[in-house]
Amino acid sequence: MNLLSLEDVSVTYTIASGEVPAVRDVSLTLDPGEALGIAGESGSGKSTLAMALLRLLPRDARVEGRIVLDGEDILAMKWGRLRAVRWAEASIVFQGAQHGLNPVRRIGEQIAEPLLVHGLAQPAQARTRVAELLEQVGLPAWRSRSYPHELSGGQRQRVMIAMALACSPRLIIADEPTTALDVMVQAQVLSLIKDLIASHGISLIMISHDLSVLADMCDRLAVMYAGRVVENGPSHEVFHAARHPYSGALAAAFPTVGDPVSRMAPKGLGGDPPDPMDLPSGCSFHPRCPVALDLCSSLDVELWPAGREGEGPHTAACVHVRPDLKAGADELGSPATETGADELASPDAETGGDDPAAPSPDSERGQGRGEVVAAASLETAARDERAKETS
Amino acid sequence: MSTPLLQARDLHVEFSSRGRRARAVDGVNLAVGEGEIVALVGESGCGKTTLARTLLGLERPTSGTVLYGGQPLTYTSKALKAYRREAQLVLQDPTGSLNPRHTVYEAVAEGPRIHGMANEEQVVAEALSRAGLRPPERFFLRYPHELSGGQRQRVVIAGALALNPRMLVADEPVASLDASVRGEILALLLKLREELGLSALVVTHDLGLAWNIADRVAVMYLGRIVESGPVEEVLKEPKHPYTQALLSVLPESPERVVLSGEPPDPTRIPGGCRFHARCQVLASGAAALAGVDSRCRSELLEVLPAVPEAQAACYYADTMAADEAVVR
Ligand SMILES: Nc1ncnc2c1ncn2[C@@H]1O[C@H](COP(=O)(O)OP(=O)(O)OP(=O)(O)O)[C@@H](O)[C@H]1O
Ligand SMILES: Nc1ncnc2c1ncn2[C@@H]1O[C@H](COP(=O)(O)OP(=O)(O)OP(=O)(O)O)[C@@H](O)[C@H]1O
Ligand code: SF4
Ligand code: SF4
Ligand SMILES: [Mg+2]
Ligand SMILES: [Mg+2]
């Protein structure tokens, strides 16, 4: 059975100027012991989704859909039960929380707090448990008497992980646990998390905008864009053979050192992130998409099977994984321009064979990454030119 | 070799920190040639920012010399003002380096005003378009909060470009930016080199960035450069154990060497090789097999010279290189 399942989860914030649809119809599942990565650029809704899982959002946020943790409906839970679940079943390491440690309390007290509050330990037991937890995260027991300012960034992040582990949860949600840490310290913290989840059989949801780190840590990856999951599949496939052009752009942003394709060729994605209060029509990625078709500005494609045979389930929300839609649009006489229609009618449209920009399902692993995005910068440049002419 | 544009000669910068001496930069030789992009990499606290600031004359060296165009810097305010037009600093956090109450125009015009440059509006417009904010007039009256993170960093770069510098020193120019924006800013640095012949020293702890845009890389550890050379050589065949460890923790690399311990403390620089307490080659016994372990622990290493060829400050790497030479 799934440890966690999300069905059509949406989160909407209400602010003075209107509603912000921060998360839109997200469905995901997580098996016991599984590690799921959630990627996406700033503002795509990652933290909002994570907080919705444990109902930690501010009051002005409306959550819809169903969130089931270990058979229990989180959204229907009473407060008392929810508080217990928050530590004992699932705990969260918040983004930037190492700065949120109480500066005037020793870290030992702060780690012991959830144990005492939930009546899981007497003070003496709690002390032993704190020492044990510190040791698990690679800090000496005497550190429990330190104040936060006496610790480095990496050490504070270890303290946060110790707190998350305190009540032996089955699921840990880590929101950007290593952003802003040094490379070597980041490597230390990541290998710590990896060892802990493996040895305790804990499930992990890890959030980051660095796809390469997530691909390394997680079994599966979900990529978010403008509040939606646009691709979901085995990490290796999503990172090396993305089927959604946005995932491809994210993957290419972090070059592999030694890869001749990225030498002296940084890859980026043009255009600005979408404004959640004014989302583009159709596929919300279309204004920035290097391989958009004319129908993309009106057609919003849902997640659709996009995997290879023999690999785990893999879905992507892009018209290019739906040859039926592309062909259908043609038959129905889509409002496509001539060039667009040609593209749709092309006999190779199904494989993207003669369209160099299309993410081809046959492209070699690893190569696909650079190509899609190289085309991306060119296309965006061209689009900018066009915009200038018309404005 | 022709005279490098910017050069550090046996540079030392010390701070006093709680009554102790912190040797933040502890003997550095480094050269950046005309039109060259050099990446300075190393972990947090190793002295990268201090070195960068000293190269720009913002910090005075305790000893050693900074040379620009072969001439030692003069630390009078007039000479420094003139130098500022030649070499510009771009800081990590675009939000922090822009005044929220100044429009884009005012932000970019600040430098040209200080230097009393003529045709202000034209200078600002040119700088903005070079930084990729086109058409520039559309951005003149915007405030920082009306721009995306990438656009803000472009404004900061435009501010630096407005003075027509020959050299940019960029301290973590993309660290605070989103993955998708990072590539655009890096591409901009490459383009500026191509079109204006601009040199750059890019300070970072991101080796992927060095691979993306730099000609040469210098790896810094605890105040010293421990390995330097062409990017293709140093990053594909690192010779210093510290560089090897840094590369090994990148995602996708096969065998990880995660160094334990905290980034080292410049108030207590160990004797012998300064890396020896964390060195995996020494710990594994490989250095002992090669007969260099006692030197690792007790003999000070020579400071690397500022040469373009690949070099590493390591006794073990030296014996390996010597062995290879014999085999050939
Ligand atoms: N309390 C709030 N009230 C109103 N809008 C909010 C609130 N919190 C977040 N938002 C908006 O919701 C969207 C998603 O924000 P969220 O913090 O979930 O993004 P994120 O993917 O975690 O980004 P980052 O990578 O920057 O952490 C953004 O447009 C954000 O501005
Ligand atoms: N003004 C100062 N007074 C005292 N110590 C200082 C001062 N500036 C820097 N240091 C110390 O010098 C060392 C080098 O600092 P520096 O900022 O140059 O490192 P860095 O390599 O840029 O690190 P990061 O990657 O974290 O930016 C650090 O140990 C720092 O604490
Ligand atoms: S091709 Fe169309 S559907 Fe696919 S990501 Fe681009 S704009 Fe969206
Ligand atoms: S000199 Fe010795 S201790 Fe230093 S890096 Fe080389 S092998 Fe390691
Ligand atoms: Mg977030
Ligand atoms: Mg610094």
# chains A, B, ... in the order shown; residues from 1 in each chain; ligands from 1

call {"tool": "residues_near_ligand", "arguments": {"ligand": "ligand 4", "cutoff": "6 Å", "atoms": "only C-alpha atoms and all ligand atoms", "output": "list in words"}}
result
His240, Pro241, Cys273, Phe275, His276, Cys279, Val281, Leu282, Ala287, Cys296, Cys314, Tyr315 and Tyr316 of chain B

call {"tool": "residues_near_ligand", "arguments": {"ligand": "ligand 2", "cutoff": "6 Å", "atoms": "only C-alpha atoms and all ligand atoms", "output": "VMD selection string"}}
result
chain B and resid 15 to 17 24 43 to 50 265 to 266

call {"tool": "write_last_selection", "arguments": {"atoms": "N, CA and C atoms", "output": "PDB file, in the first residue's frame"}}
result
ATOM      1  N   PHE B  15      43.669  39.231   9.006  1.00  0.00           N
ATOM      2  CA  PHE B  15      42.731  39.959   9.855  1.00  0.00           C
ATOM      3  C   PHE B  15      43.033  39.567  11.276  1.00  0.00           C
ATOM      4  N   SER B  16      42.677  40.453  12.227  1.00  0.00           N
ATOM      5  CA  SER B  16      42.754  39.939  13.589  1.00  0.00           C
ATOM      6  C   SER B  16      41.343  39.565  13.988  1.00  0.00           C
ATOM      7  N   SER B  17      41.236  38.355  14.521  1.00  0.00           N
ATOM      8  CA  SER B  17      39.923  37.821  14.832  1.00  0.00           C
ATOM      9  C   SER B  17      39.984  37.299  16.261  1.00  0.00           C
ATOM     10  N   ALA B  24      43.746  35.012   6.033  1.00  0.00           N
ATOM     11  CA  ALA B  24      42.689  34.710   5.065  1.00  0.00           C
ATOM     12  C   ALA B  24      43.268  34.456   3.679  1.00  0.00           C
ATOM     13  N   GLU B  43      36.163  25.920  -1.014  1.00  0.00           N
ATOM     14  CA  GLU B  43      35.019  25.869  -0.110  1.00  0.00           C
ATOM     15  C   GLU B  43      34.871  27.151   0.693  1.00  0.00           C
ATOM     16  N   SER B  44      33.750  27.240   1.384  1.00  0.00           N
ATOM     17  CA  SER B  44      33.414  28.435   2.146  1.00  0.00           C
ATOM     18  C   SER B  44      34.523  28.775   3.147  1.00  0.00           C
ATOM     19  N   GLY B  45      34.896  30.041   3.191  1.00  0.00           N
ATOM     20  CA  GLY B  45      35.878  30.484   4.174  1.00  0.00           C
ATOM     21  C   GLY B  45      37.326  30.311   3.753  1.00  0.00           C
ATOM     22  N   CYS B  46      37.566  29.842   2.513  1.00  0.00           N
ATOM     23  CA  CYS B  46      38.958  29.594   2.117  1.00  0.00           C
ATOM     24  C   CYS B  46      39.659  30.879   1.699  1.00  0.00           C
ATOM     25  N   GLY B  47      38.931  31.988   1.573  1.00  0.00           N
ATOM     26  CA  GLY B  47      39.581  33.259   1.286  1.00  0.00           C
ATOM     27  C   GLY B  47      39.308  33.828  -0.092  1.00  0.00           C
ATOM     28  N   LYS B  48      38.338  33.280  -0.804  1.00  0.00           N
ATOM     29  CA  LYS B  48      38.071  33.722  -2.176  1.00  0.00           C
ATOM     30  C   LYS B  48      37.652  35.185  -2.233  1.00  0.00           C
ATOM     31  N   THR B  49      36.662  35.544  -1.396  1.00  0.00           N
ATOM     32  CA  THR B  49      36.164  36.921  -1.426  1.00  0.00           C
ATOM     33  C   THR B  49      37.249  37.892  -0.982  1.00  0.00           C
ATOM     34  N   THR B  50      38.004  37.517   0.024  1.00  0.00           N
ATOM     35  CA  THR B  50      39.084  38.380   0.497  1.00  0.00           C
ATOM     36  C   THR B  50      40.097  38.611  -0.627  1.00  0.00           C
ATOM     37  N   ASP B 265      40.081  26.524   9.553  1.00  0.00           N
ATOM     38  CA  ASP B 265      40.110  27.802  10.251  1.00  0.00           C
ATOM     39  C   ASP B 265      41.411  28.551   9.939  1.00  0.00           C
ATOM     40  N   PRO B 266      41.306  29.751   9.348  1.00  0.00           N
ATOM     41  CA  PRO B 266      42.530  30.465   8.974  1.00  0.00           C
ATOM     42  C   PRO B 266      43.304  31.013  10.167  1.00  0.00           C
TER      43      PRO B 266
END

call {"tool": "atom_distance", "arguments": {"atom1": "CA of Val137 (chain A)", "atom2": "CA of Ala166 (chain A)"}}
result
11.3 Å

call {"tool": "interface_residues", "arguments": {"of": "chain A", "to": "chain B", "cutoff": "10 Å", "atoms": "only C-alpha atoms", "output": "JSON, numbers by chain"}}
result
{"A": [40, 41, 42, 138, 152, 153, 154, 155, 179, 180, 181, 182, 183, 184, 185, 186, 187, 188, 191, 209, 210, 211, 212, 213, 214, 215, 216, 217, 246, 249, 250, 251, 252, 253, 254, 255, 256, 257, 258, 259, 260, 261, 262, 263, 264, 265, 266, 267, 268, 269, 270, 271, 272, 273, 377, 384, 385, 388]}

call {"tool": "residues_around", "arguments": {"residues": "Leu56 (chain A)", "least_positions_apart": "3", "cutoff": "12 Å", "atoms": "only C-alpha atoms", "output": "number ranges by chain"}}
result
A: 11, 47-53, 59-63, 74-75, 79, 82-83, 86, 91-92, 94

call {"tool": "residues_near_ligand", "arguments": {"ligand": "ligand 5", "cutoff": "8 Å", "atoms": "only C-alpha atoms and all ligand atoms", "output": "JSON, numbers by chain"}}
result
{"A": [42, 43, 45, 46, 47, 48, 95, 175, 176, 207]}

call {"tool": "select_by_dssp", "arguments": {"residues": "region 139-222 of chain B", "states": "alpha helix (DSSP H)", "output": "mmCIF file with C-alpha atoms, in the first residue's frame"}}
result
data_model
loop_
_atom_site.group_PDB
_atom_site.id
_atom_site.type_symbol
_atom_site.label_atom_id
_atom_site.label_comp_id
_atom_site.auth_asym_id
_atom_site.auth_seq_id
_atom_site.Cartn_x
_atom_site.Cartn_y
_atom_site.Cartn_z
ATOM 1 C CA GLY B 149 16.046 37.702 -10.264
ATOM 2 C CA GLY B 150 17.882 37.225 -13.539
ATOM 3 C CA GLN B 151 16.952 40.719 -14.721
ATOM 4 C CA ARG B 152 18.200 42.188 -11.448
ATOM 5 C CA GLN B 153 21.564 40.478 -11.855
ATOM 6 C CA ARG B 154 21.700 41.901 -15.395
ATOM 7 C CA VAL B 155 21.126 45.383 -13.982
ATOM 8 C CA VAL B 156 24.052 44.855 -11.589
ATOM 9 C CA ILE B 157 26.216 43.733 -14.497
ATOM 10 C CA ALA B 158 25.048 46.720 -16.556
ATOM 11 C CA GLY B 159 26.111 48.999 -13.699
ATOM 12 C CA ALA B 160 29.587 47.489 -13.895
ATOM 13 C CA LEU B 161 29.698 47.707 -17.710
ATOM 14 C CA ALA B 179 18.681 27.097 -12.169
ATOM 15 C CA SER B 180 16.895 28.231 -15.286
ATOM 16 C CA VAL B 181 18.361 31.759 -15.104
ATOM 17 C CA ARG B 182 21.905 30.705 -14.261
ATOM 18 C CA GLY B 183 22.768 29.659 -17.811
ATOM 19 C CA GLU B 184 21.651 32.991 -19.242
ATOM 20 C CA ILE B 185 23.896 35.050 -16.993
ATOM 21 C CA LEU B 186 26.873 32.785 -17.657
ATOM 22 C CA ALA B 187 26.246 33.027 -21.407
ATOM 23 C CA LEU B 188 26.248 36.799 -21.000
ATOM 24 C CA LEU B 189 29.729 36.740 -19.428
ATOM 25 C CA LEU B 190 31.012 34.680 -22.366
ATOM 26 C CA LYS B 191 29.426 37.060 -24.841
ATOM 27 C CA LEU B 192 30.960 40.120 -23.167
ATOM 28 C CA ARG B 193 34.374 38.520 -23.425
ATOM 29 C CA GLU B 194 33.797 37.801 -27.092
ATOM 30 C CA GLU B 195 32.426 41.215 -28.014
ATOM 31 C CA LEU B 196 34.382 43.512 -25.717
ATOM 32 C CA LEU B 207 32.805 23.570 -10.449
ATOM 33 C CA GLY B 208 30.109 23.259 -13.115
ATOM 34 C CA LEU B 209 30.324 27.025 -13.583
ATOM 35 C CA ALA B 210 34.072 26.783 -14.212
ATOM 36 C CA TRP B 211 33.427 24.054 -16.760
ATOM 37 C CA ASN B 212 30.737 26.197 -18.409
ATOM 38 C CA ILE B 213 32.713 29.392 -18.951
#

call {"tool": "select_by_dssp", "arguments": {"residues": "region 80-318 of chain B", "states": "strand (DSSP E)", "output": "PyMOL selection string"}}
result
chain B and resi 87-90+167-171+199-204+216-221+224-230+311-312

call {"tool": "closest_atom_pairs", "arguments": {"of": "chain A", "to": "ligand 3", "cutoff": "6 Å", "atoms": "only C-alpha atoms and all ligand atoms", "output": "CSV"}}
result
residue,atom,partner,partner_atom_place_in_ligand_line,distance
A:His244,CA,ligand 3,5 (S),5.8
A:Pro245,CA,ligand 3,5 (S),5.5
A:Cys283,CA,ligand 3,8 (Fe),4.6
A:Phe285,CA,ligand 3,8 (Fe),5.2
A:His286,CA,ligand 3,7 (S),3.5
A:Cys289,CA,ligand 3,6 (Fe),4.6
A:Val291,CA,ligand 3,1 (S),4.9
A:Ala292,CA,ligand 3,1 (S),3.8
A:Leu293,CA,ligand 3,2 (Fe),5.6
A:Cys296,CA,ligand 3,2 (Fe),4.4
A:Cys318,CA,ligand 3,4 (Fe),3.5
A:Val319,CA,ligand 3,3 (S),4.3
A:His320,CA,ligand 3,4 (Fe),5.7

call {"tool": "write_last_selection", "arguments": {"atoms": "all heavy atoms", "output": "mmCIF file, in the first residue's frame"}}
result
data_model
loop_
_atom_site.group_PDB
_atom_site.id
_atom_site.type_symbol
_atom_site.label_atom_id
_atom_site.label_comp_id
_atom_site.auth_asym_id
_atom_site.auth_seq_id
_atom_site.Cartn_x
_atom_site.Cartn_y
_atom_site.Cartn_z
ATOM 1 N N HIS A 244 9.368 16.238 -20.874
ATOM 2 C CA HIS A 244 8.774 17.572 -20.903
ATOM 3 C C HIS A 244 9.896 18.585 -21.124
ATOM 4 O O HIS A 244 10.918 18.515 -20.449
ATOM 5 C CB HIS A 244 8.054 17.865 -19.581
ATOM 6 C CG HIS A 244 7.159 19.073 -19.659
ATOM 7 N ND1 HIS A 244 7.651 20.352 -19.684
ATOM 8 C CD2 HIS A 244 5.816 19.174 -19.772
ATOM 9 C CE1 HIS A 244 6.642 21.211 -19.787
ATOM 10 N NE2 HIS A 244 5.512 20.511 -19.846
ATOM 11 N N PRO A 245 9.717 19.523 -22.060
ATOM 12 C CA PRO A 245 10.806 20.455 -22.367
ATOM 13 C C PRO A 245 11.284 21.251 -21.156
ATOM 14 O O PRO A 245 12.451 21.596 -21.073
ATOM 15 C CB PRO A 245 10.184 21.399 -23.404
ATOM 16 C CG PRO A 245 8.974 20.725 -23.915
ATOM 17 C CD PRO A 245 8.533 19.724 -22.904
ATOM 18 N N CYS A 283 -1.152 25.413 -22.476
ATOM 19 C CA CYS A 283 -0.044 24.902 -21.679
ATOM 20 C C CYS A 283 0.665 26.116 -21.090
ATOM 21 O O CYS A 283 1.135 26.982 -21.830
ATOM 22 C CB CYS A 283 0.920 24.106 -22.554
ATOM 23 S SG CYS A 283 2.465 23.725 -21.700
ATOM 24 N N PHE A 285 3.423 26.658 -20.006
ATOM 25 C CA PHE A 285 4.835 26.804 -20.370
ATOM 26 C C PHE A 285 5.006 27.366 -21.777
ATOM 27 O O PHE A 285 6.103 27.703 -22.184
ATOM 28 C CB PHE A 285 5.515 25.423 -20.254
ATOM 29 C CG PHE A 285 7.001 25.427 -20.451
ATOM 30 C CD1 PHE A 285 7.821 26.260 -19.680
ATOM 31 C CD2 PHE A 285 7.605 24.601 -21.393
ATOM 32 C CE1 PHE A 285 9.202 26.269 -19.851
ATOM 33 C CE2 PHE A 285 8.981 24.606 -21.575
ATOM 34 C CZ PHE A 285 9.783 25.439 -20.798
ATOM 35 N N HIS A 286 3.913 27.512 -22.553
ATOM 36 C CA HIS A 286 4.096 27.776 -23.980
ATOM 37 C C HIS A 286 4.867 29.055 -24.319
ATOM 38 O O HIS A 286 5.624 29.047 -25.281
ATOM 39 C CB HIS A 286 2.765 27.653 -24.762
ATOM 40 C CG HIS A 286 1.933 28.904 -24.797
ATOM 41 N ND1 HIS A 286 0.871 29.098 -23.947
ATOM 42 C CD2 HIS A 286 2.007 30.002 -25.577
ATOM 43 C CE1 HIS A 286 0.330 30.279 -24.200
ATOM 44 N NE2 HIS A 286 1.005 30.845 -25.183
ATOM 45 N N CYS A 289 8.424 27.903 -24.203
ATOM 46 C CA CYS A 289 8.743 26.559 -24.670
ATOM 47 C C CYS A 289 9.441 26.571 -26.026
ATOM 48 O O CYS A 289 8.947 27.165 -26.979
ATOM 49 C CB CYS A 289 7.475 25.722 -24.768
ATOM 50 S SG CYS A 289 7.818 24.046 -25.336
ATOM 51 N N VAL A 291 9.807 24.168 -28.083
ATOM 52 C CA VAL A 291 9.231 23.269 -29.078
ATOM 53 C C VAL A 291 7.703 23.386 -29.120
ATOM 54 O O VAL A 291 7.006 22.435 -29.464
ATOM 55 C CB VAL A 291 9.643 21.799 -28.812
ATOM 56 C CG1 VAL A 291 11.141 21.619 -29.042
ATOM 57 C CG2 VAL A 291 9.307 21.374 -27.381
ATOM 58 N N ALA A 292 7.214 24.577 -28.750
ATOM 59 C CA ALA A 292 5.763 24.764 -28.719
ATOM 60 C C ALA A 292 5.168 24.674 -30.124
ATOM 61 O O ALA A 292 5.791 25.083 -31.096
ATOM 62 C CB ALA A 292 5.436 26.120 -28.102
ATOM 63 N N LEU A 293 3.974 24.131 -30.198
ATOM 64 C CA LEU A 293 3.225 24.127 -31.457
ATOM 65 C C LEU A 293 2.138 25.193 -31.335
ATOM 66 O O LEU A 293 1.878 25.697 -30.243
ATOM 67 C CB LEU A 293 2.571 22.759 -31.671
ATOM 68 C CG LEU A 293 3.498 21.557 -31.600
ATOM 69 C CD1 LEU A 293 2.696 20.275 -31.791
ATOM 70 C CD2 LEU A 293 4.593 21.664 -32.646
ATOM 71 N N CYS A 296 -0.523 24.757 -28.706
ATOM 72 C CA CYS A 296 -0.157 24.791 -27.285
ATOM 73 C C CYS A 296 -0.737 25.989 -26.547
ATOM 74 O O CYS A 296 -0.910 25.957 -25.337
ATOM 75 C CB CYS A 296 1.351 24.790 -27.117
ATOM 76 S SG CYS A 296 2.104 23.269 -27.715
ATOM 77 N N CYS A 318 2.734 17.068 -21.991
ATOM 78 C CA CYS A 318 3.188 17.811 -23.160
ATOM 79 C C CYS A 318 2.589 17.171 -24.398
ATOM 80 O O CYS A 318 2.503 15.954 -24.497
ATOM 81 C CB CYS A 318 4.711 17.785 -23.242
ATOM 82 S SG CYS A 318 5.340 18.449 -24.791
ATOM 83 N N VAL A 319 2.218 18.002 -25.327
ATOM 84 C CA VAL A 319 1.589 17.507 -26.544
ATOM 85 C C VAL A 319 2.525 16.556 -27.309
ATOM 86 O O VAL A 319 2.081 15.666 -28.018
ATOM 87 C CB VAL A 319 1.128 18.693 -27.415
ATOM 88 C CG1 VAL A 319 2.310 19.453 -27.983
ATOM 89 C CG2 VAL A 319 0.210 18.231 -28.525
ATOM 90 N N HIS A 320 3.846 16.717 -27.097
ATOM 91 C CA HIS A 320 4.785 15.859 -27.819
ATOM 92 C C HIS A 320 4.782 14.405 -27.344
ATOM 93 O O HIS A 320 5.348 13.551 -28.010
ATOM 94 C CB HIS A 320 6.202 16.419 -27.751
ATOM 95 C CG HIS A 320 6.365 17.659 -28.562
ATOM 96 N ND1 HIS A 320 6.397 17.649 -29.936
ATOM 97 C CD2 HIS A 320 6.469 18.960 -28.196
ATOM 98 C CE1 HIS A 320 6.526 18.886 -30.373
ATOM 99 N NE2 HIS A 320 6.569 19.703 -29.344
#

call {"tool": "residues_around", "arguments": {"residues": "Gly111 (chain B)", "least_positions_apart": "5", "cutoff": "9 Å", "atoms": "only C-alpha atoms", "output": "PyMOL selection string"}}
result
chain B and resi 85+116-117+159-160+162-163

call {"tool": "write_last_selection", "arguments": {"atoms": "C-alpha atoms", "output": "PDB file, in the first residue's frame"}}
result
ATOM      1  CA  ARG B  85      36.920  52.328 -13.970  1.00  0.00           C
ATOM      2  CA  GLY B 116      31.679  62.578 -14.565  1.00  0.00           C
ATOM      3  CA  MET B 117      31.133  60.752 -17.836  1.00  0.00           C
ATOM      4  CA  GLY B 159      26.111  48.999 -13.699  1.00  0.00           C
ATOM      5  CA  ALA B 160      29.587  47.489 -13.895  1.00  0.00           C
ATOM      6  CA  ALA B 162      28.674  51.383 -17.782  1.00  0.00           C
ATOM      7  CA  LEU B 163      32.216  52.404 -16.891  1.00  0.00           C
TER       8      LEU B 163
END

call {"tool": "residues_around", "arguments": {"residues": "region 67-71 of chain B", "least_positions_apart": "3", "cutoff": "9 Å", "atoms": "only C-alpha atoms", "output": "ChimeraX atom specification"}}
result
/B:3-9,55,74,83

call {"tool": "write_last_selection", "arguments": {"atoms": "N, CA and C atoms", "output": "PDB file, in the first residue's frame"}}
result
ATOM      1  N   THR B   3      52.457  40.662 -20.629  1.00  0.00           N
ATOM      2  CA  THR B   3      52.090  41.075 -19.268  1.00  0.00           C
ATOM      3  C   THR B   3      50.619  40.766 -19.005  1.00  0.00           C
ATOM      4  N   PRO B   4      50.326  40.051 -17.917  1.00  0.00           N
ATOM      5  CA  PRO B   4      48.913  39.799 -17.595  1.00  0.00           C
ATOM      6  C   PRO B   4      48.223  41.107 -17.228  1.00  0.00           C
ATOM      7  N   LEU B   5      46.904  41.134 -17.443  1.00  0.00           N
ATOM      8  CA  LEU B   5      46.153  42.337 -17.114  1.00  0.00           C
ATOM      9  C   LEU B   5      46.150  42.574 -15.596  1.00  0.00           C
ATOM     10  N   LEU B   6      45.852  41.518 -14.875  1.00  0.00           N
ATOM     11  CA  LEU B   6      45.770  41.637 -13.417  1.00  0.00           C
ATOM     12  C   LEU B   6      46.606  40.537 -12.789  1.00  0.00           C
ATOM     13  N   GLN B   7      47.345  40.903 -11.757  1.00  0.00           N
ATOM     14  CA  GLN B   7      48.274  39.939 -11.195  1.00  0.00           C
ATOM     15  C   GLN B   7      48.386  40.093  -9.680  1.00  0.00           C
ATOM     16  N   ALA B   8      48.476  38.968  -8.997  1.00  0.00           N
ATOM     17  CA  ALA B   8      48.753  38.992  -7.557  1.00  0.00           C
ATOM     18  C   ALA B   8      50.130  38.378  -7.365  1.00  0.00           C
ATOM     19  N   ARG B   9      50.978  39.075  -6.612  1.00  0.00           N
ATOM     20  CA  ARG B   9      52.330  38.554  -6.397  1.00  0.00           C
ATOM     21  C   ARG B   9      52.561  38.347  -4.912  1.00  0.00           C
ATOM     22  N   LEU B  55      42.287  42.176  -4.813  1.00  0.00           N
ATOM     23  CA  LEU B  55      42.661  42.416  -6.207  1.00  0.00           C
ATOM     24  C   LEU B  55      42.035  43.706  -6.729  1.00  0.00           C
ATOM     25  N   THR B  74      48.339  51.771  -6.623  1.00  0.00           N
ATOM     26  CA  THR B  74      48.665  52.838  -5.682  1.00  0.00           C
ATOM     27  C   THR B  74      47.417  53.063  -4.844  1.00  0.00           C
ATOM     28  N   TYR B  83      41.341  53.343 -10.989  1.00  0.00           N
ATOM     29  CA  TYR B  83      41.398  51.877 -11.128  1.00  0.00           C
ATOM     30  C   TYR B  83      39.999  51.289 -11.191  1.00  0.00           C
TER      31      TYR B  83
END

call {"tool": "closest_residue", "arguments": {"among": "A:Gly80, A:Pro280, A:Pro274, A:Pro305", "to": "ligand 1", "atoms": "only C-alpha atoms and all ligand atoms"}}
result
A:Pro274

call {"tool": "closest_residue", "arguments": {"among": "B:Glu14, B:Asp26, B:Glu121, B:Glu137", "to": "Leu222 (chain B)", "atoms": "only C-alpha atoms"}}
result
B:Asp26

call {"tool": "atom_distance", "arguments": {"atom1": "CA of Arg129 (chain A)", "atom2": "CA of Val189 (chain A)"}}
result
20.6 Å

call {"tool": "residues_around", "arguments": {"residues": "Ser168 (chain A)", "least_positions_apart": "5", "cutoff": "9 Å", "atoms": "only C-alpha atoms", "output": "ChimeraX atom specification"}}
result
/A:87-90,200,202

call {"tool": "write_last_selection", "arguments": {"atoms": "N, CA, C and O atoms", "output": "mmCIF file, in the first residue's frame"}}
result
data_model
loop_
_atom_site.group_PDB
_atom_site.id
_atom_site.type_symbol
_atom_site.label_atom_id
_atom_site.label_comp_id
_atom_site.auth_asym_id
_atom_site.auth_seq_id
_atom_site.Cartn_x
_atom_site.Cartn_y
_atom_site.Cartn_z
ATOM 1 N N TRP A 87 4.705 14.796 14.113
ATOM 2 C CA TRP A 87 6.041 14.381 14.535
ATOM 3 C C TRP A 87 6.255 12.898 14.380
ATOM 4 O O TRP A 87 7.279 12.453 13.877
ATOM 5 N N ALA A 88 5.267 12.107 14.809
ATOM 6 C CA ALA A 88 5.496 10.676 14.900
ATOM 7 C C ALA A 88 5.402 9.984 13.553
ATOM 8 O O ALA A 88 6.057 8.977 13.319
ATOM 9 N N GLU A 89 4.584 10.514 12.630
ATOM 10 C CA GLU A 89 4.423 9.844 11.344
ATOM 11 C C GLU A 89 5.274 10.521 10.282
ATOM 12 O O GLU A 89 5.926 9.864 9.488
ATOM 13 N N ALA A 90 5.210 11.832 10.258
ATOM 14 C CA ALA A 90 5.895 12.560 9.210
ATOM 15 C C ALA A 90 6.446 13.846 9.798
ATOM 16 O O ALA A 90 5.760 14.526 10.546
ATOM 17 N N HIS A 200 16.964 3.260 8.336
ATOM 18 C CA HIS A 200 15.721 3.245 9.108
ATOM 19 C C HIS A 200 14.492 2.946 8.249
ATOM 20 O O HIS A 200 13.377 2.962 8.748
ATOM 21 N N ILE A 202 13.084 4.866 6.171
ATOM 22 C CA ILE A 202 12.220 6.041 6.158
ATOM 23 C C ILE A 202 11.950 6.469 4.711
ATOM 24 O O ILE A 202 12.822 6.364 3.860
#

call {"tool": "residues_around", "arguments": {"residues": "Pro305 (chain B)", "least_positions_apart": "3", "cutoff": "12 Å", "atoms": "only C-alpha atoms", "output": "list of chain:residue names"}}
result
B:Gln7, B:Ala8, B:Arg9, B:Asp10, B:Leu11, B:Gly27, B:Val28, B:Asn29, B:Leu30, B:Ala31, B:Ala218, B:Arg224, B:Ile225, B:Val226, B:Glu227, B:Ser228, B:Gly229, B:Glu302, B:Pro308, B:Glu309, B:Ala310, B:Gln311, B:Ala312, B:Ala313

call {"tool": "closest_residue", "arguments": {"among": "A:Trp304, A:Phe239, A:Tyr13, A:Trp142", "to": "ligand 1", "atoms": "only C-alpha atoms and all ligand atoms"}}
result
A:Tyr13

call {"tool": "atom_distance", "arguments": {"atom1": "CA of Ala306 (chain B)", "atom2": "CA of Arg216 (chain B)"}}
result
11.8 Å
